[in-house]
$ cat target06.txt   # compact mmCIF, C-alpha atoms (C1' of nucleotides)
# COMPACT_ATOMS: atom_id res chain seq x y z
CA MET A 849 -32.03 16.84 42.23
CA SER A 850 -31.52 19.98 40.18
CA TRP A 851 -30.21 20.44 36.69
CA THR A 852 -27.08 22.35 35.80
CA LYS A 853 -27.30 24.20 32.53
CA LEU A 854 -24.59 24.86 29.98
CA LEU A 855 -25.50 27.71 27.70
CA CYS A 856 -25.35 27.02 24.00
CA SER A 857 -27.65 27.50 21.05
CA HIS A 858 -29.98 24.70 20.10
CA ARG A 859 -28.33 24.33 16.71
CA GLU A 860 -24.95 23.70 18.33
CA VAL A 861 -25.90 20.35 19.87
CA GLN A 862 -28.25 17.62 18.77
CA LEU A 863 -28.12 14.82 21.30
CA ILE A 864 -29.69 12.11 19.19
CA GLY A 865 -27.30 12.59 16.28
CA THR A 866 -24.33 12.84 18.59
CA LEU A 867 -25.05 10.09 21.12
CA ASN A 868 -26.89 7.67 18.86
CA GLY A 869 -24.81 7.99 15.72
CA GLY A 870 -22.43 5.13 16.33
CA GLN A 871 -19.47 6.97 17.84
CA THR A 872 -20.27 5.92 21.39
CA PHE A 873 -22.18 2.96 22.79
CA ARG A 874 -22.96 3.84 26.39
CA TRP A 875 -25.89 6.24 26.12
CA THR A 876 -29.55 5.33 26.31
CA HIS A 877 -32.46 7.51 25.35
CA ASN A 878 -35.61 7.62 27.41
CA LYS A 879 -38.20 8.54 24.80
CA ASP A 880 -40.92 9.31 27.34
CA ASN A 881 -39.16 12.31 28.84
CA ASP A 882 -36.48 12.82 26.18
CA GLU A 883 -33.66 12.37 28.69
CA TRP A 884 -30.41 10.51 28.19
CA ILE A 885 -28.41 8.43 30.65
CA GLY A 886 -24.82 7.53 29.95
CA ILE A 887 -21.41 6.96 31.44
CA PHE A 888 -18.00 8.51 30.93
CA SER A 889 -15.17 9.55 33.26
CA LYS A 890 -16.32 7.10 35.93
CA THR A 891 -19.49 9.16 36.20
CA VAL A 892 -23.14 8.48 35.42
CA TRP A 893 -24.78 11.42 33.68
CA LYS A 894 -28.31 12.40 32.86
CA LEU A 895 -28.72 14.86 29.98
CA ARG A 896 -31.51 16.81 28.41
CA GLN A 897 -31.86 19.81 26.12
CA SER A 898 -33.75 23.05 26.27
CA ASN A 899 -33.89 25.84 23.70
CA ASP A 900 -30.92 27.69 25.09
CA GLY A 901 -28.74 24.96 26.45
CA LEU A 902 -27.63 21.54 27.45
CA GLN A 903 -28.56 20.43 30.96
CA TYR A 904 -27.05 17.75 33.11
CA GLN A 905 -27.31 15.89 36.38
CA VAL A 906 -24.70 13.67 37.90
CA ILE A 907 -26.40 10.50 39.08
CA GLY A 908 -23.27 9.07 40.59
CA SER A 909 -19.54 9.44 40.29
CA LEU A 910 -16.32 7.95 41.54
CA LEU A 911 -14.73 11.37 41.07
CA SER A 912 -16.86 13.36 43.53
CA LYS A 913 -14.99 15.05 46.28
CA SER A 914 -16.84 13.59 49.19
CA ASN A 915 -17.59 15.57 52.32
CA LYS A 916 -18.30 14.47 55.82
CA ASN A 917 -20.95 15.93 58.14
CA ASN A 918 -19.81 19.59 58.09
CA SER A 919 -22.52 21.39 56.12
CA LYS A 920 -20.38 24.38 55.22
CA LYS A 921 -17.74 22.08 53.79
CA ALA A 922 -20.45 20.20 51.94
CA THR A 923 -21.51 23.36 50.13
CA VAL A 924 -17.96 24.11 49.13
CA ALA A 925 -17.50 20.54 47.92
CA LYS A 926 -20.67 20.81 45.90
CA ASP A 927 -19.37 23.89 44.11
CA VAL A 928 -16.03 22.24 43.46
CA ASN A 929 -17.83 19.24 42.02
CA THR A 930 -20.09 21.32 39.84
CA GLU A 931 -17.07 23.08 38.44
CA LEU A 932 -15.37 19.75 37.78
CA PHE A 933 -18.36 18.10 36.13
CA THR A 934 -19.23 21.11 34.03
CA SER A 935 -15.72 21.26 32.71
CA LEU A 936 -15.72 17.51 31.95
CA LEU A 937 -18.95 17.80 30.00
CA GLU A 938 -17.75 20.86 28.07
CA LYS A 939 -14.68 18.96 27.02
CA TYR A 940 -16.62 15.80 26.16
CA PHE A 941 -18.92 17.74 23.81
CA ARG A 942 -16.13 20.05 22.62
CA LEU A 943 -18.35 23.02 23.36
CA ASP A 944 -15.48 25.38 22.57
CA VAL A 945 -15.94 24.52 18.89
CA ASP A 946 -18.33 26.85 17.07
CA LEU A 947 -20.05 24.15 15.04
CA VAL A 948 -22.51 26.42 13.24
CA ARG A 949 -19.55 28.15 11.68
CA TYR A 950 -18.07 24.87 10.47
CA TYR A 951 -21.41 23.65 9.10
CA LYS A 952 -21.47 26.83 7.04
CA GLU A 953 -17.99 26.18 5.69
CA TRP A 954 -18.68 22.53 4.89
CA SER A 955 -21.99 23.44 3.24
CA GLU A 956 -20.28 25.96 1.00
CA ALA A 957 -17.72 23.35 0.01
CA ASP A 958 -20.19 20.59 -0.73
CA GLU A 959 -23.83 20.33 -1.86
CA LEU A 960 -24.30 16.90 -0.31
CA PHE A 961 -23.20 18.18 3.06
CA LYS A 962 -25.50 21.14 2.69
CA SER A 963 -28.61 18.98 2.43
CA ALA A 964 -27.48 16.49 5.08
CA GLY A 965 -26.50 19.28 7.45
CA GLN A 966 -29.92 20.92 7.41
CA GLN A 967 -31.65 17.94 8.94
CA PHE A 968 -28.70 16.69 10.93
CA TYR A 969 -27.59 19.88 12.60
CA GLY A 970 -25.60 19.86 15.81
CA VAL A 971 -23.89 16.51 15.30
CA ARG A 972 -20.81 16.86 17.46
CA MET A 973 -17.64 14.85 17.51
CA LEU A 974 -17.25 13.81 21.12
CA ALA A 975 -13.85 13.88 22.81
CA GLN A 976 -13.95 10.37 24.21
CA GLU A 977 -11.60 8.51 26.48
CA PRO A 978 -9.03 6.55 24.45
CA VAL A 979 -9.28 3.27 26.35
CA GLU A 980 -13.04 2.96 26.07
CA ASN A 981 -12.94 4.18 22.49
CA LEU A 982 -10.27 1.70 21.43
CA PHE A 983 -11.82 -1.41 22.92
CA SER A 984 -15.34 -0.45 21.84
CA PHE A 985 -14.15 -0.22 18.26
CA ILE A 986 -12.29 -3.50 18.38
CA CYS A 987 -15.74 -4.88 19.17
CA SER A 988 -17.28 -2.96 16.27
CA GLN A 989 -15.66 -4.89 13.45
CA ASN A 990 -18.03 -7.06 11.45
CA ASN A 991 -20.76 -6.09 13.85
CA HIS A 992 -23.88 -4.01 14.32
CA ILE A 993 -24.63 -1.32 16.86
CA SER A 994 -26.96 -3.21 19.19
CA ARG A 995 -24.50 -6.06 19.56
CA ILE A 996 -21.55 -3.69 19.99
CA SER A 997 -23.43 -1.94 22.79
CA SER A 998 -24.12 -5.20 24.57
CA MET A 999 -20.50 -6.27 24.28
CA VAL A 1000 -19.29 -2.95 25.71
CA GLU A 1001 -21.68 -3.36 28.62
CA LYS A 1002 -20.30 -6.82 29.24
CA LEU A 1003 -16.76 -5.43 29.41
CA CYS A 1004 -17.93 -2.89 31.98
CA THR A 1005 -19.87 -5.26 34.23
CA GLN A 1006 -17.07 -7.86 34.10
CA TYR A 1007 -14.03 -5.66 34.51
CA GLY A 1008 -15.23 -2.16 35.36
CA GLU A 1009 -15.83 -0.52 38.72
CA GLU A 1010 -19.30 -0.13 40.16
CA ILE A 1011 -20.29 3.54 40.19
CA CYS A 1012 -23.80 3.52 41.60
CA SER A 1013 -27.29 2.11 41.33
CA HIS A 1014 -30.16 4.19 40.07
CA GLU A 1015 -33.78 3.16 39.55
CA GLY A 1016 -32.97 -0.51 39.50
CA THR A 1017 -29.92 -0.33 37.26
CA THR A 1018 -26.34 -0.69 38.41
CA TYR A 1019 -23.80 1.34 36.47
CA PHE A 1020 -20.17 0.43 35.89
CA SER A 1021 -17.21 2.42 34.62
CA PHE A 1022 -15.29 1.27 31.58
CA PRO A 1023 -12.42 -0.94 32.79
CA GLU A 1024 -8.77 0.10 33.03
CA VAL A 1025 -6.46 -1.47 30.44
CA GLN A 1026 -4.68 -3.33 33.23
CA LYS A 1027 -7.88 -5.27 33.88
CA LEU A 1028 -8.08 -6.45 30.28
CA CYS A 1029 -4.52 -7.62 29.76
CA GLU A 1030 -4.53 -10.75 31.92
CA PRO A 1031 -4.24 -13.98 29.91
CA LYS A 1032 -7.49 -15.45 31.25
CA VAL A 1033 -9.44 -12.58 29.70
CA GLU A 1034 -9.48 -14.14 26.26
CA ALA A 1035 -11.23 -17.32 27.39
CA GLN A 1036 -13.66 -15.35 29.54
CA LEU A 1037 -14.63 -13.07 26.70
CA ARG A 1038 -15.05 -15.98 24.31
CA LYS A 1039 -17.46 -17.51 26.73
CA LEU A 1040 -19.35 -14.22 26.76
CA GLY A 1041 -19.74 -14.35 22.98
CA PHE A 1042 -17.01 -11.99 21.79
CA GLY A 1043 -15.79 -14.49 19.20
CA TYR A 1044 -12.42 -13.80 17.60
CA ARG A 1045 -12.46 -10.29 19.09
CA ALA A 1046 -11.70 -11.81 22.50
CA LYS A 1047 -8.11 -12.41 21.50
CA PHE A 1048 -7.75 -8.96 19.95
CA ILE A 1049 -8.90 -7.32 23.17
CA GLN A 1050 -6.59 -9.25 25.47
CA LYS A 1051 -3.57 -8.95 23.18
CA SER A 1052 -4.03 -5.24 22.53
CA ALA A 1053 -4.43 -4.59 26.24
CA GLU A 1054 -1.19 -6.43 26.85
CA GLN A 1055 0.64 -4.36 24.25
CA ILE A 1056 -0.77 -1.07 25.54
CA VAL A 1057 0.24 -1.83 29.12
CA GLU A 1058 3.69 -2.82 27.95
CA TRP A 1059 4.05 0.43 26.06
CA GLY A 1060 3.02 2.63 28.95
CA GLY A 1061 -0.78 2.44 29.39
CA GLU A 1062 -2.49 5.80 29.69
CA ASP A 1063 0.75 7.66 29.09
CA TRP A 1064 1.15 5.94 25.74
CA PHE A 1065 -2.14 7.48 24.59
CA ARG A 1066 -0.89 10.91 25.55
CA THR A 1067 2.11 10.51 23.28
CA LEU A 1068 -0.25 9.53 20.45
CA GLN A 1069 -2.19 12.76 20.94
CA ASP A 1070 0.98 14.78 20.60
CA MET A 1071 2.08 13.02 17.41
CA LYS A 1072 1.07 13.89 13.89
CA TYR A 1073 -2.10 12.12 12.80
CA LYS A 1074 -0.38 9.75 10.37
CA ASP A 1075 2.20 8.70 12.96
CA ALA A 1076 -0.43 8.09 15.63
CA LYS A 1077 -2.41 5.97 13.19
CA GLU A 1078 0.66 3.95 12.31
CA GLU A 1079 1.36 3.31 15.99
CA LEU A 1080 -2.22 2.19 16.65
CA MET A 1081 -2.08 -0.27 13.77
CA LYS A 1082 0.73 -2.12 15.53
CA LEU A 1083 -1.87 -3.35 17.99
CA HIS A 1084 -3.41 -6.75 17.41
CA GLY A 1085 -6.87 -6.39 15.92
CA ILE A 1086 -6.56 -2.76 14.88
CA GLY A 1087 -6.52 -2.03 11.18
CA PRO A 1088 -6.83 1.23 9.24
CA LYS A 1089 -10.52 1.80 9.92
CA VAL A 1090 -10.47 1.30 13.69
CA ALA A 1091 -7.19 3.23 13.96
CA ASP A 1092 -8.90 6.17 12.26
CA CYS A 1093 -11.89 5.92 14.58
CA ILE A 1094 -9.57 6.20 17.56
CA CYS A 1095 -7.55 9.07 16.07
CA LEU A 1096 -10.74 10.98 15.33
CA MET A 1097 -12.81 10.25 18.42
CA SER A 1098 -10.34 10.22 21.27
CA LEU A 1099 -6.93 11.45 20.14
CA ASN A 1100 -7.99 14.82 18.80
CA HIS A 1101 -6.89 14.14 15.22
CA LEU A 1102 -9.94 15.58 13.53
CA GLU A 1103 -8.69 15.01 10.00
CA ALA A 1104 -8.79 11.23 10.52
CA LEU A 1105 -11.56 9.78 8.42
CA PRO A 1106 -12.67 6.19 8.97
CA VAL A 1107 -13.72 4.52 5.72
CA ASP A 1108 -16.17 1.69 6.26
CA THR A 1109 -18.61 0.17 3.80
CA HIS A 1110 -21.10 3.01 4.33
CA VAL A 1111 -18.55 5.73 3.67
CA TYR A 1112 -17.31 3.79 0.68
CA GLN A 1113 -20.88 3.67 -0.68
CA ILE A 1114 -21.35 7.40 -0.13
CA ALA A 1115 -18.05 8.19 -1.83
CA ALA A 1116 -18.56 5.89 -4.80
CA GLN A 1117 -22.13 7.05 -5.26
CA ASN A 1118 -21.53 10.79 -5.05
CA TYR A 1119 -17.91 11.63 -5.73
CA LEU A 1120 -15.73 8.85 -7.07
CA PRO A 1121 -17.73 6.92 -9.70
CA HIS A 1122 -14.72 4.89 -10.82
CA LEU A 1123 -14.81 3.11 -7.43
CA ARG A 1124 -18.33 1.79 -7.90
CA GLY A 1125 -19.04 -1.92 -7.81
CA LYS A 1126 -15.83 -3.02 -6.11
CA LYS A 1127 -15.95 -6.08 -3.90
CA ASN A 1128 -14.08 -4.64 -0.95
CA VAL A 1129 -12.15 -1.52 -0.04
CA THR A 1130 -8.43 -1.89 -0.72
CA ASP A 1131 -5.78 0.16 1.07
CA LYS A 1132 -5.36 2.26 -2.02
CA MET A 1133 -9.07 3.02 -2.30
CA TYR A 1134 -9.15 3.72 1.43
CA MET A 1135 -6.50 6.42 1.00
CA GLU A 1136 -8.18 7.89 -2.04
CA ILE A 1137 -11.54 8.21 -0.31
CA GLY A 1138 -10.04 9.77 2.81
CA ASP A 1139 -7.99 12.22 0.82
CA HIS A 1140 -10.98 13.20 -1.27
CA PHE A 1141 -12.96 14.19 1.80
CA ARG A 1142 -9.97 15.92 3.39
CA LYS A 1143 -9.56 18.04 0.28
CA LEU A 1144 -13.26 18.85 0.33
CA TYR A 1145 -13.71 19.67 4.02
CA GLY A 1146 -10.26 20.60 5.28
CA ASP A 1147 -8.56 19.84 8.56
CA MET A 1148 -11.69 18.74 10.40
CA ALA A 1149 -12.83 16.43 7.62
CA GLY A 1150 -13.44 13.54 10.00
CA TRP A 1151 -16.03 15.54 11.89
CA ALA A 1152 -17.73 16.61 8.67
CA HIS A 1153 -17.84 13.04 7.39
CA THR A 1154 -19.52 11.95 10.61
CA VAL A 1155 -22.44 14.23 9.79
CA LEU A 1156 -22.80 12.61 6.36
CA PHE A 1157 -22.49 9.24 7.97
CA CYS A 1158 -25.19 10.09 10.45
CA ALA A 1159 -27.56 11.12 7.67
CA ASP A 1160 -26.83 7.90 5.82
CA LEU A 1161 -27.34 5.81 8.94
CA LYS A 1162 -30.71 7.44 9.61
CA LYS A 1163 -31.81 6.80 6.06
CA PHE A 1164 -30.89 3.18 6.56
CA GLN A 1165 -32.71 3.05 9.87
CA GLN A 1166 -35.91 4.32 8.30
CA ASN A 1167 -35.86 1.51 5.75
CA GLY A 1168 -34.49 -1.12 8.09
CA LYS A 1169 -35.30 -1.48 11.73
CA GLU A 1170 -32.05 -0.70 13.47
CA ASP A 1171 -33.56 2.03 15.55
CA GLU A 1172 -35.59 -0.25 17.80
CA SER A 1173 -34.44 -0.23 21.38
CA VAL A 1174 -32.23 -3.10 22.35
CA LYS A 1175 -34.37 -5.95 23.55
CA PRO A 1176 -33.14 -8.18 26.32
CA LYS A 1177 -31.43 -11.09 24.69
CA ARG A 1178 -32.71 -14.59 25.14
CA ARG A 1179 -29.80 -16.72 26.07
CA ARG A 1180 -29.66 -20.06 24.45
CA ILE A 1181 -29.10 -22.68 27.13
CA LYS A 1182 -27.46 -25.93 26.23
C1' DT B 175 2.65 -4.25 -3.01
C1' DT B 176 -2.06 -5.61 -3.76
C1' DC B 177 -5.77 -8.77 -3.27
C1' DA B 178 -9.16 -12.45 -1.68
C1' DT B 179 -10.76 -15.06 2.09
C1' DA B 180 -11.66 -17.07 6.82
C1' DC B 181 -13.22 -15.56 10.99
C1' DC B 182 -17.04 -15.66 16.03
C1' DT B 183 -21.63 -14.67 16.73
C1' DC B 184 -26.11 -12.76 16.12
C1' DT B 185 -30.05 -11.45 13.27
C1' DA B 186 -33.02 -10.74 9.47
C1' DT B 187 -34.43 -12.90 5.47
C1' DT B 188 -35.62 -16.66 2.54
C1' DA C 104 -38.23 -24.92 10.34
C1' DA C 105 -33.69 -24.75 8.60
C1' DA C 106 -30.33 -22.51 5.86
C1' DT C 107 -28.02 -18.39 4.40
C1' DA C 108 -26.23 -13.75 3.94
C1' DG C 109 -24.60 -9.81 6.01
C1' DA C 110 -23.16 -6.94 9.78
C1' DG C 111 -19.88 0.44 10.43
C1' DG C 112 -12.96 -5.13 9.56
C1' DT C 113 -8.59 -7.54 10.35
C1' DA C 114 -4.97 -10.99 9.90
C1' DT C 115 -3.16 -13.98 6.80
C1' DG C 116 -1.19 -16.09 2.84

$ encode --input "target06.txt" --output "structure tokens"
Amino acid sequence: MSWTKLLCSHREVQLIGTLNGGQTFRWTHNKDNDEWIGIFSKTVWKLRQSNDGLQYQVIGSLLSKSNKNNSKKATVAKDVNTELFTSLLEKYFRLDVDLVRYYKEWSEADELFKSAGQQFYGVRMLAQEPVENLFSFICSQNNHISRISSMVEKLCTQYGEEICSHEGTTYFSFPEVQKLCEPKVEAQLRKLGFGYRAKFIQKSAEQIVEWGGEDWFRTLQDMKYKDAKEELMKLHGIGPKVADCICLMSLNHLEALPVDTHVYQIAAQNYLPHLRGKKNVTDKMYMEIGDHFRKLYGDMAGWAHTVLFCADLKKFQQNGKEDESVKPKRRRIK
DNA sequence: TTCATACCTCTATT
DNA sequence: AAATAGAGGTATG
């Protein structure tokens, strides 16, 4: 199979910072050949980087325009598919955004960004699919990345659609909301170890379906950021932090700025000393921290903060051991 | 309105 | 070996 290349400068995209920085949970890195395999848009992708671009292969897809026997037709279909997949990938990575330019702006505004941005160049805010994004981040609360990833995979194998098998692994799409809203889902997910999040997932799915499913998300994109956030927080299990994650990562509200314990630490340490030593982040503090960063970085503050976050996460990973690949879990049998 | 705490489960640490 | 704290929060009172 051949690679399709999207032209862009090396400093525009850094796959490890973008795909392994905690915004998405469905990409795995093969360290031997420096290739990535991941899933979005019902499609299994393989990615790699060269000096002048981002390259991809489609391993399998439920979107492909299939073609039967006629070889001329097959060639046409192949071109149509390439066009489709290239456009999907460009949108997913937001390749229309000139990130080098924004790094320059954010560096001029802030010394801390300047030093973080040098090492962590090319960290892009993906344009994810709202459904996957929302349910992944319901799983993220009180949780760590390796466990979040395994829970997301469970959702896909249980309720998603099979896309293809490749080198011994079967890949599944992220499930439709309709699949998650049935009452039995809660008990099933509890059995799979989702804990109290099981109820959040089933209930939220129910609400989303009731309010219009996919179409409801489209209305959230068209709203002002604050309104969209308010709407999201009506869902069971979605508070201010997860609502901001969804606004930022899949609803195109780039000023949304999720404040978790890490971001709180960064803010208290570097900018807002009066917030140091607090037990937990109150709503008021949450607002203050978000507004501080928005004032500093402007209308794409959420993207900028993700770069800081990424730097902080890496620092943590060097001390701790979070970076180890996910080991197969030993199931305790009773 | 603002604040503290329980919550499922897994893991690293003691 | 067994107990405990903490993990990229939220609902509840």

$ closest_residue --input "target06.txt" --among "A:Phe888, A:Tyr904, A:Tyr1019, A:Trp893" --to "Thr852 of chain A" --atoms "all atoms listed in the file"
A:Tyr904

$ interface_residues --input "target06.txt" --of "chain C" --to "chain A" --cutoff "10 Å" --atoms "only C-alpha atoms (C1' of nucleotides)" --output "VMD selection string"
chain C and resid 109 to 114

$ write_last_selection --input "target06.txt" --atoms "C-alpha atoms (C1' of nucleotides)" --output "mmCIF file, keeping the file's coordinate frame"
data_model
loop_
_atom_site.group_PDB
_atom_site.id
_atom_site.type_symbol
_atom_site.label_atom_id
_atom_site.label_comp_id
_atom_site.auth_asym_id
_atom_site.auth_seq_id
_atom_site.Cartn_x
_atom_site.Cartn_y
_atom_site.Cartn_z
ATOM 1 C "C1'" DG C 109 -24.600 -9.810 6.010
ATOM 2 C "C1'" DA C 110 -23.160 -6.940 9.780
ATOM 3 C "C1'" DG C 111 -19.880 0.440 10.430
ATOM 4 C "C1'" DG C 112 -12.960 -5.130 9.560
ATOM 5 C "C1'" DT C 113 -8.590 -7.540 10.350
ATOM 6 C "C1'" DA C 114 -4.970 -10.990 9.900
#

$ atom_distance --input "target06.txt" --atom1 "atom CA of Lys1132 of chain A" --atom2 "atom CA of Tyr1112 of chain A"
12.3 Å

$ residues_around --input "target06.txt" --residues "Asp944 of chain A" --least-positions-apart "6" --cutoff "12 Å" --atoms "all atoms listed in the file" --output "PyMOL selection string"
chain A and resi 854-856+860-861+935+937-938+972-975

$ atom_distance --input "target06.txt" --atom1 "atom CA of Phe1020 of chain A" --atom2 "atom CA of Pro978 of chain A"
17.1 Å

$ atom_distance --input "target06.txt" --atom1 "atom CA of Trp851 of chain A" --atom2 "atom CA of Cys1004 of chain A"
26.8 Å

$ residues_near_point --input "target06.txt" --point "(-1.4, -2.7, -3.4)" --cutoff "9 Å" --atoms "all atoms listed in the file" --output "list of chain:residue names"
A:Thr1130, A:Asp1131, A:Lys1132, B:DT175, B:DT176, B:DC177
